file coords30.tsv (TSV, C-alpha atoms)
chain	number	residue	atom	x	y	z
A	1	MET	CA	18.81	3.53	-10.23
A	2	ASN	CA	20.13	5.74	-13.02
A	3	PRO	CA	23.71	4.62	-13.90
A	4	GLY	CA	25.03	8.18	-13.66
A	5	VAL	CA	23.41	8.71	-10.26
A	6	LEU	CA	24.79	5.39	-9.06
A	7	THR	CA	28.28	6.36	-10.23
A	8	VAL	CA	28.19	9.66	-8.32
A	9	TYR	CA	26.69	7.91	-5.30
A	10	ARG	CA	29.60	5.49	-5.18
A	11	TRP	CA	32.11	8.32	-5.59
A	12	GLU	CA	30.53	10.23	-2.75
A	13	LEU	CA	30.53	7.21	-0.44
A	14	ARG	CA	34.24	6.68	-1.14
A	15	LYS	CA	34.89	10.35	-0.42
A	16	LEU	CA	32.93	10.14	2.83
A	17	ARG	CA	35.00	7.15	3.94
A	18	SER	CA	38.14	9.25	3.52
A	19	GLN	CA	36.95	12.33	5.42
A	20	LYS	CA	37.59	12.92	9.11
A	21	ARG	CA	34.22	14.58	9.70
A	22	THR	CA	32.49	11.38	8.62
A	23	TYR	CA	34.26	9.40	11.30
A	24	LEU	CA	33.72	12.22	13.78
A	25	GLY	CA	29.97	11.94	13.30
A	26	LEU	CA	29.83	8.15	13.26
A	27	GLY	CA	32.25	8.05	16.18
A	28	ALA	CA	29.89	10.23	18.20
A	29	ALA	CA	27.05	7.83	17.34
A	30	VAL	CA	29.12	5.05	18.96
A	31	VAL	CA	30.80	6.85	21.84
A	32	VAL	CA	27.79	8.74	23.21
A	33	PRO	CA	25.74	5.56	23.89
A	34	LEU	CA	28.76	3.92	25.53
A	35	ILE	CA	29.31	6.93	27.80
A	36	PHE	CA	25.60	6.99	28.63
A	37	VAL	CA	25.54	3.30	29.56
A	38	ALA	CA	28.73	3.73	31.61
A	39	ALA	CA	27.02	6.55	33.51
A	40	ILE	CA	24.01	4.28	34.08
A	41	ALA	CA	26.26	1.60	35.54
A	42	LEU	CA	27.79	4.07	38.00
A	43	ARG	CA	24.55	5.44	39.44
A	44	ASN	CA	21.32	3.97	40.73
A	45	GLY	CA	18.91	6.57	39.43
A	46	GLY	CA	18.14	7.75	35.94
A	47	PRO	CA	16.61	10.61	33.99
A	48	GLU	CA	13.12	9.90	35.28
A	49	GLU	CA	11.78	13.19	33.98
A	50	VAL	CA	11.96	11.90	30.37
A	51	ALA	CA	10.01	9.09	28.75
A	52	PHE	CA	11.49	5.63	29.51
A	53	GLY	CA	14.17	7.17	31.75
A	54	ARG	CA	12.85	5.27	34.77
A	55	TYR	CA	13.33	1.93	32.97
A	56	ILE	CA	16.98	2.19	31.92
A	57	HIS	CA	18.02	-0.08	34.81
A	58	ASP	CA	15.30	-2.60	33.97
A	59	THR	CA	15.88	-3.20	30.27
A	60	GLY	CA	18.36	-2.27	27.59
A	61	LEU	CA	15.45	-1.47	25.27
A	62	ALA	CA	14.97	1.80	27.14
A	63	VAL	CA	18.49	3.07	26.41
A	64	PRO	CA	18.18	3.85	22.67
A	65	LEU	CA	14.75	5.41	23.29
A	66	VAL	CA	16.12	7.79	25.92
A	67	LEU	CA	19.02	8.69	23.63
A	68	LEU	CA	16.58	9.55	20.86
A	69	LEU	CA	15.11	12.17	23.19
A	70	PHE	CA	18.47	13.64	24.18
A	71	GLY	CA	19.98	13.38	20.70
A	72	ALA	CA	17.32	15.58	19.13
A	73	ILE	CA	18.68	18.64	20.96
A	74	TRP	CA	22.06	18.81	19.25
A	75	MET	CA	23.73	15.46	18.60
A	76	PHE	CA	21.83	14.17	15.58
A	77	PRO	CA	21.35	17.59	13.93
A	78	LEU	CA	25.10	18.14	14.28
A	79	ILE	CA	26.02	14.68	12.98
A	80	THR	CA	23.76	15.24	9.98
A	81	ALA	CA	25.03	18.77	9.36
A	82	LEU	CA	28.66	17.63	9.27
A	83	VAL	CA	28.09	15.86	5.95
A	84	ALA	CA	25.03	17.62	4.52
A	85	GLY	CA	26.66	21.03	4.91
A	86	ASP	CA	29.87	19.93	3.23
A	87	ILE	CA	28.92	17.55	0.46
A	88	VAL	CA	28.17	20.24	-2.15
A	89	ALA	CA	30.24	23.14	-0.79
A	90	ALA	CA	33.34	20.94	-0.85
A	91	GLU	CA	33.29	21.12	-4.65
A	92	ASP	CA	34.05	24.85	-4.46
A	93	HIS	CA	36.88	24.31	-1.99
A	94	ASN	CA	38.43	21.54	-4.07
A	95	GLY	CA	37.50	22.94	-7.47
A	96	THR	CA	36.24	19.55	-8.61
A	97	LEU	CA	32.74	20.19	-9.98
A	98	LYS	CA	34.04	21.27	-13.38
A	99	THR	CA	36.11	18.09	-13.55
A	100	ILE	CA	33.09	15.91	-12.69
A	101	LEU	CA	31.01	17.59	-15.42
A	102	THR	CA	33.59	16.58	-18.04
A	103	ARG	CA	32.80	12.91	-17.30
A	104	SER	CA	29.54	13.03	-19.26
A	105	LEU	CA	27.50	13.39	-16.09
A	106	GLU	CA	24.57	15.77	-15.86
A	107	ARG	CA	24.21	18.15	-12.96
A	108	GLY	CA	20.97	16.49	-11.90
A	109	GLN	CA	22.75	13.15	-11.66
A	110	ILE	CA	25.54	14.68	-9.59
A	111	PHE	CA	23.10	16.32	-7.21
A	112	ALA	CA	21.00	13.17	-6.84
A	113	GLY	CA	24.10	11.09	-6.06
A	114	LYS	CA	25.18	13.58	-3.41
A	115	ALA	CA	21.72	13.70	-1.86
A	116	LEU	CA	21.55	9.89	-1.67
A	117	ALA	CA	25.01	9.71	-0.09
A	118	THR	CA	23.94	12.26	2.54
A	119	ALA	CA	20.80	10.25	3.32
A	120	THR	CA	22.85	7.05	3.57
A	121	TYR	CA	25.20	8.67	6.07
A	122	ALA	CA	22.27	9.91	8.18
A	123	ILE	CA	20.65	6.47	8.16
A	124	ALA	CA	23.95	4.81	9.11
A	125	ALA	CA	24.48	7.21	12.03
A	126	ILE	CA	20.99	6.70	13.47
A	127	PHE	CA	21.03	2.92	13.25
A	128	LEU	CA	24.62	2.68	14.48
A	129	MET	CA	23.64	4.63	17.58
A	130	GLY	CA	20.59	2.43	18.06
A	131	ALA	CA	22.55	-0.80	17.70
A	132	VAL	CA	25.33	0.26	20.08
A	133	ALA	CA	22.87	1.65	22.64
A	134	LEU	CA	20.75	-1.50	22.51
A	135	LEU	CA	23.72	-3.86	22.80
A	136	ALA	CA	25.46	-1.93	25.56
A	137	GLY	CA	22.20	-1.29	27.39
A	138	SER	CA	21.22	-4.97	27.23
A	139	LEU	CA	24.59	-6.03	28.59
A	140	GLU	CA	24.14	-3.64	31.51
A	141	SER	CA	20.40	-3.90	32.21
A	142	GLY	CA	19.35	-7.06	30.39
A	143	PHE	CA	17.16	-7.70	27.38
A	144	ASN	CA	13.85	-7.58	29.22
A	145	PRO	CA	10.28	-6.46	28.50
A	146	ILE	CA	9.60	-2.74	28.56
A	147	VAL	CA	6.62	-0.76	29.83
A	148	SER	CA	4.86	1.29	27.17
A	149	LEU	CA	3.82	4.91	27.56
A	150	SER	CA	0.30	3.59	28.18
A	151	GLY	CA	1.50	1.53	31.14
A	152	THR	CA	1.23	-1.88	29.47
A	153	THR	CA	4.09	-4.37	29.34
A	154	ILE	CA	5.63	-5.04	25.92
A	155	SER	CA	7.58	-8.25	25.38
A	156	ALA	CA	11.29	-7.95	24.63
A	157	GLY	CA	10.83	-9.29	21.10
A	158	ARG	CA	8.07	-6.86	20.19
A	159	GLY	CA	9.94	-4.10	21.98
A	160	LEU	CA	12.94	-4.72	19.72
A	161	VAL	CA	10.74	-4.35	16.64
A	162	LEU	CA	9.26	-1.13	18.00
A	163	VAL	CA	12.70	0.30	18.75
A	164	GLY	CA	13.70	-0.36	15.14
A	165	ALA	CA	10.48	1.24	13.91
A	166	SER	CA	11.12	4.22	16.20
A	167	LEU	CA	14.51	4.75	14.56
A	168	LEU	CA	12.81	4.77	11.15
A	169	VAL	CA	10.27	7.38	12.27
A	170	TYR	CA	13.11	9.42	13.78
A	171	LEU	CA	14.74	9.53	10.36
A	172	MET	CA	11.96	11.74	8.98
A	173	PRO	CA	13.05	14.95	10.75
A	174	ILE	CA	16.70	13.97	10.33
A	175	ILE	CA	16.29	13.73	6.54
A	176	ALA	CA	14.54	17.11	6.62
A	177	VAL	CA	17.55	18.57	8.44
A	178	ALA	CA	19.80	16.97	5.82
A	179	CYS	CA	17.81	18.66	3.04
A	180	ILE	CA	18.23	22.04	4.73
A	181	GLY	CA	21.95	21.33	5.07
A	182	LEU	CA	22.15	20.52	1.36
A	183	LEU	CA	20.44	23.80	0.54
A	184	LEU	CA	22.84	25.84	2.68
A	185	SER	CA	25.79	23.90	1.30
A	186	THR	CA	24.70	24.71	-2.25
A	187	VAL	CA	23.82	28.35	-1.64
A	188	THR	CA	26.71	29.41	0.61
A	189	ARG	CA	29.42	27.34	-1.16
A	190	ASN	CA	31.15	27.31	2.22
A	191	SER	CA	31.27	24.13	4.30
A	192	ALA	CA	31.74	25.81	7.67
A	193	ALA	CA	28.92	28.30	7.06
A	194	ALA	CA	26.58	25.52	5.89
A	195	VAL	CA	27.36	23.22	8.84
A	196	VAL	CA	26.94	26.01	11.40
A	197	GLY	CA	23.88	27.36	9.61
A	198	THR	CA	22.17	23.96	9.63
A	199	LEU	CA	22.84	23.50	13.33
A	200	MET	CA	21.73	27.03	14.15
A	201	PHE	CA	18.48	26.50	12.22
A	202	SER	CA	17.81	23.35	14.25
A	203	LEU	CA	18.53	25.14	17.53
A	204	LEU	CA	16.42	28.16	16.51
A	205	VAL	CA	13.41	25.95	15.83
A	206	GLN	CA	13.85	24.35	19.24
A	207	LEU	CA	14.05	27.80	20.84
A	208	ILE	CA	10.78	28.83	19.19
A	209	GLY	CA	9.25	25.70	20.68
A	210	ILE	CA	9.93	26.81	24.25
A	211	LEU	CA	8.93	30.46	23.92
A	212	PRO	CA	5.70	31.34	25.75
A	213	GLY	CA	2.70	32.29	23.67
A	214	LEU	CA	3.72	30.20	20.67
A	215	GLU	CA	2.17	26.92	21.74
A	216	GLY	CA	-0.02	26.88	18.64
A	217	LEU	CA	3.09	26.47	16.48
A	218	HIS	CA	4.35	23.37	18.30
A	219	PRO	CA	2.64	20.75	16.08
A	220	TYR	CA	4.23	22.33	13.00
A	221	LEU	CA	7.79	22.79	14.26
A	222	LEU	CA	10.45	20.44	12.94
A	223	SER	CA	11.77	19.95	16.46
A	224	THR	CA	8.39	18.54	17.58
A	225	GLN	CA	8.58	15.80	14.97
A	226	PHE	CA	11.59	14.28	16.73
A	227	ASN	CA	9.10	12.96	19.30
A	228	ALA	CA	6.68	11.39	16.80
A	229	TRP	CA	8.15	7.91	17.35
A	230	GLN	CA	6.61	7.85	20.83
A	231	GLY	CA	3.27	7.09	19.20
A	232	LEU	CA	4.62	3.61	18.46
A	233	LEU	CA	5.18	2.98	22.17
A	234	ARG	CA	1.52	3.38	23.11
A	235	GLU	CA	-1.23	0.77	23.32
A	236	PRO	CA	-2.84	0.87	20.86
A	237	ILE	CA	-0.31	2.56	18.58
A	238	ASP	CA	-1.05	6.26	18.11
A	239	TRP	CA	-0.46	6.95	14.41
A	240	ALA	CA	-1.52	10.61	14.54
A	241	PRO	CA	1.89	12.10	15.47
A	242	ILE	CA	3.63	9.82	12.97
A	243	VAL	CA	1.36	10.87	10.12
A	244	ARG	CA	1.75	14.52	11.11
A	245	ALA	CA	5.53	14.13	11.22
A	246	ALA	CA	5.50	12.71	7.69
A	247	TRP	CA	3.82	15.74	6.14
A	248	VAL	CA	5.38	18.38	8.40
A	249	CYS	CA	8.88	17.06	7.68
A	250	SER	CA	7.99	17.04	3.98
A	251	LEU	CA	7.03	20.72	4.22
A	252	TYR	CA	10.52	21.47	5.55
A	253	GLY	CA	12.57	19.02	3.52
A	254	ILE	CA	11.06	18.93	0.01
A	255	PRO	CA	11.14	22.70	-0.69
A	256	ALA	CA	14.71	22.88	0.64
A	257	LEU	CA	15.75	19.94	-1.55
A	258	VAL	CA	14.07	21.38	-4.66
A	259	ALA	CA	15.62	24.80	-4.04
A	260	ALA	CA	19.06	23.24	-3.59
A	261	TYR	CA	18.59	21.31	-6.83
A	262	LEU	CA	17.58	24.43	-8.79
A	263	VAL	CA	20.51	26.44	-7.41
A	264	PHE	CA	22.89	23.58	-8.21
A	265	LEU	CA	21.65	23.43	-11.81
A	266	ARG	CA	22.38	27.13	-12.30
A	267	ARG	CA	25.62	27.48	-10.39
A	268	ASP	CA	28.65	28.95	-12.13
A	269	VAL	CA	31.55	26.50	-12.43
A	270	ALA	CA	33.88	28.73	-14.39
A	271	GLY	CA	36.19	28.93	-11.42
A	272	GLY	CA	36.08	25.16	-10.75

call {"tool": "encode", "arguments": {"input": "coords30.tsv", "output": "structure tokens"}}
result
Amino acid sequence: MNPGVLTVYRWELRKLRSQKRTYLGLGAAVVVPLIFVAAIALRNGGPEEVAFGRYIHDTGLAVPLVLLLFGAIWMFPLITALVAGDIVAAEDHNGTLKTILTRSLERGQIFAGKALATATYAIAAIFLMGAVALLAGSLESGFNPIVSLSGTTISAGRGLVLVGASLLVYLMPIIAVACIGLLLSTVTRNSAAAVVGTLMFSLLVQLIGILPGLEGLHPYLLSTQFNAWQGLLREPIDWAPIVRAAWVCSLYGIPALVAAYLVFLRRDVAGG
């Protein structure tokens, strides 16, 4: 990694560790699974209308998978937006960009370090949720085999690997959301506007997905890609939705990231 990028990356990680919104997002990634498992323990039924909901009392492997479905609605977009929408706009609030530029760092290096820190935070949030959900779910329901979406039984060991792979696939739309958050953070120069704008974009895409007459758009909506991981839980594995998610998420994320980069290169820092 470029030394300048690495320097900024480390700065940004230290800044994230000192910000309340970072702990708010990571705290939600811990607390939500615990509340969900507590609710499971207090009732006999489950959310049987969603994939793997009927198995949450049979195996802890089902818990993180169910939370991936629920989390796509607002939780993970919000957690991602909390940092992505602030990480560039905060420079305007604090007046620190001009100071950073005096440290012989190029704007491209600064932007790259910020983007990597945002991605690191998103990755940490997803895998923290998965780890807590899996541990708490296994303590409640046991670490047992799970039934795939094709009706076949998957061993607990292989199921664990597939859960981890599902989290990786889930990161694709999350990173795309992070890129959109970076763009809004750079353009608006206002943390609150960027955070709210990122979340509203995510909710708007989901709304388009449920409107009648627009079914043809579903495969190309960012919200649809949050379900691509389910292809891993079929026998044999269905790679089609995963491959589609890779290029659809790229169509959302890469242009947003490039646009944010270009705006960042040209931004006026005369005021700080």

call {"tool": "atom_distance", "arguments": {"input": "coords30.tsv", "atom1": "atom CA of A:Cys249", "atom2": "atom CA of A:Pro173"}}
result
5.6 Å

call {"tool": "closest_residue", "arguments": {"input": "coords30.tsv", "among": "A:Leu199, A:Gly85, A:Val37, A:Leu233", "to": "A:Val161", "atoms": "only C-alpha atoms"}}
result
A:Leu233

call {"tool": "atom_distance", "arguments": {"input": "coords30.tsv", "atom1": "atom CA of A:Ser166", "atom2": "atom CA of A:Ile126"}}
result
10.5 Å

call {"tool": "closest_atom_pairs", "arguments": {"input": "coords30.tsv", "of": "stretch 98-207 of chain A", "to": "stretch 60-65 of chain A", "cutoff": "8 Å", "atoms": "all atoms listed in the file", "output": "Markdown table"}}
result
| residue | atom | partner | partner_atom | distance |
| --- | --- | --- | --- | --- |
| A:Met129 | CA | A:Pro64 | CA | 7.5 |
| A:Gly130 | CA | A:Pro64 | CA | 5.4 |
| A:Ala133 | CA | A:Pro64 | CA | 5.2 |
| A:Leu134 | CA | A:Gly60 | CA | 5.7 |
| A:Leu135 | CA | A:Gly60 | CA | 7.4 |
| A:Ala136 | CA | A:Gly60 | CA | 7.4 |
| A:Gly137 | CA | A:Gly60 | CA | 4.0 |
| A:Ser138 | CA | A:Gly60 | CA | 3.9 |
| A:Leu139 | CA | A:Gly60 | CA | 7.3 |
| A:Glu140 | CA | A:Gly60 | CA | 7.1 |
| A:Ser141 | CA | A:Gly60 | CA | 5.3 |
| A:Gly142 | CA | A:Gly60 | CA | 5.6 |
| A:Phe143 | CA | A:Gly60 | CA | 5.6 |
| A:Asn144 | CA | A:Gly60 | CA | 7.2 |
| A:Pro145 | CA | A:Leu61 | CA | 7.9 |
| A:Ile146 | CA | A:Leu61 | CA | 6.8 |
| A:Ala156 | CA | A:Leu61 | CA | 7.7 |
| A:Gly159 | CA | A:Leu61 | CA | 6.9 |
| A:Leu160 | CA | A:Leu61 | CA | 6.9 |
| A:Val163 | CA | A:Leu65 | CA | 7.1 |

call {"tool": "closest_residue", "arguments": {"input": "coords30.tsv", "among": "A:Val88, A:Ile56, A:Ala41, A:Leu168", "to": "A:Thr188", "atoms": "all atoms listed in the file"}}
result
A:Val88

call {"tool": "residues_around", "arguments": {"input": "coords30.tsv", "residues": "A:Ile87", "least_positions_apart": "5", "cutoff": "12 Å", "atoms": "all atoms listed in the file", "output": "MDAnalysis selection string"}}
result
chainID A and resid 8:9 11:13 15:16 19 21:22 80:82 92:94 96:97 110:119 121 178:179 181:186 189:192 194:195

call {"tool": "atom_distance", "arguments": {"input": "coords30.tsv", "atom1": "atom CA of A:Val132", "atom2": "atom CA of A:Phe36"}}
result
10.9 Å

call {"tool": "residues_around", "arguments": {"input": "coords30.tsv", "residues": "A:Pro77", "least_positions_apart": "3", "cutoff": "12 Å", "atoms": "only C-alpha atoms", "output": "PyMOL selection string"}}
result
chain A and resi 25+29+68+70-74+80-85+122+125-126+170-171+173-181+195-206+222-223+226

call {"tool": "closest_residue", "arguments": {"input": "coords30.tsv", "among": "A:Gly213, A:Gly4, A:Pro236, A:Gly253", "to": "A:Glu106", "atoms": "all atoms listed in the file"}}
result
A:Gly4

call {"tool": "closest_residue", "arguments": {"input": "coords30.tsv", "among": "A:Asp238, A:Val66, A:Leu214, A:Ala124", "to": "A:Pro33", "atoms": "only C-alpha atoms"}}
result
A:Val66

call {"tool": "closest_residue", "arguments": {"input": "coords30.tsv", "among": "A:Met172, A:Leu162, A:Ile79, A:Val258", "to": "A:Gly231", "atoms": "only C-alpha atoms"}}
result
A:Leu162

call {"tool": "closest_residue", "arguments": {"input": "coords30.tsv", "among": "A:Leu6, A:Ile208, A:Met1, A:Val30", "to": "A:Leu105", "atoms": "all atoms listed in the file"}}
result
A:Leu6

call {"tool": "residues_around", "arguments": {"input": "coords30.tsv", "residues": "A:Phe264", "least_positions_apart": "2", "cutoff": "9 Å", "atoms": "only C-alpha atoms", "output": "list in words"}}
result
Val88, Arg107, Gly108, Phe111, Thr186, Val187, Ala259, Ala260, Tyr261, Leu262, Arg266, Arg267 and Asp268 of chain A

call {"tool": "write_last_selection", "arguments": {"input": "coords30.tsv", "atoms": "C-alpha atoms", "output": "compact mmCIF listing (two decimals), in the coordinates of the input"}}
result
# COMPACT_ATOMS: atom_id res chain seq x y z
CA VAL A 88 28.17 20.24 -2.15
CA ARG A 107 24.21 18.15 -12.96
CA GLY A 108 20.97 16.49 -11.90
CA PHE A 111 23.10 16.32 -7.21
CA THR A 186 24.70 24.71 -2.25
CA VAL A 187 23.82 28.35 -1.64
CA ALA A 259 15.62 24.80 -4.04
CA ALA A 260 19.06 23.24 -3.59
CA TYR A 261 18.59 21.31 -6.83
CA LEU A 262 17.58 24.43 -8.79
CA ARG A 266 22.38 27.13 -12.30
CA ARG A 267 25.62 27.48 -10.39
CA ASP A 268 28.65 28.95 -12.13

call {"tool": "axis_aligned_box", "arguments": {"input": "coords30.tsv", "around": "stretch 248-260 of chain A", "padding_each_side": "6 Å", "output": "JSON"}}
result
{"center_x": 12.2, "center_y": 20.9, "center_z": 1.9, "size_x": 25.7, "size_y": 19.8, "size_z": 25.1}
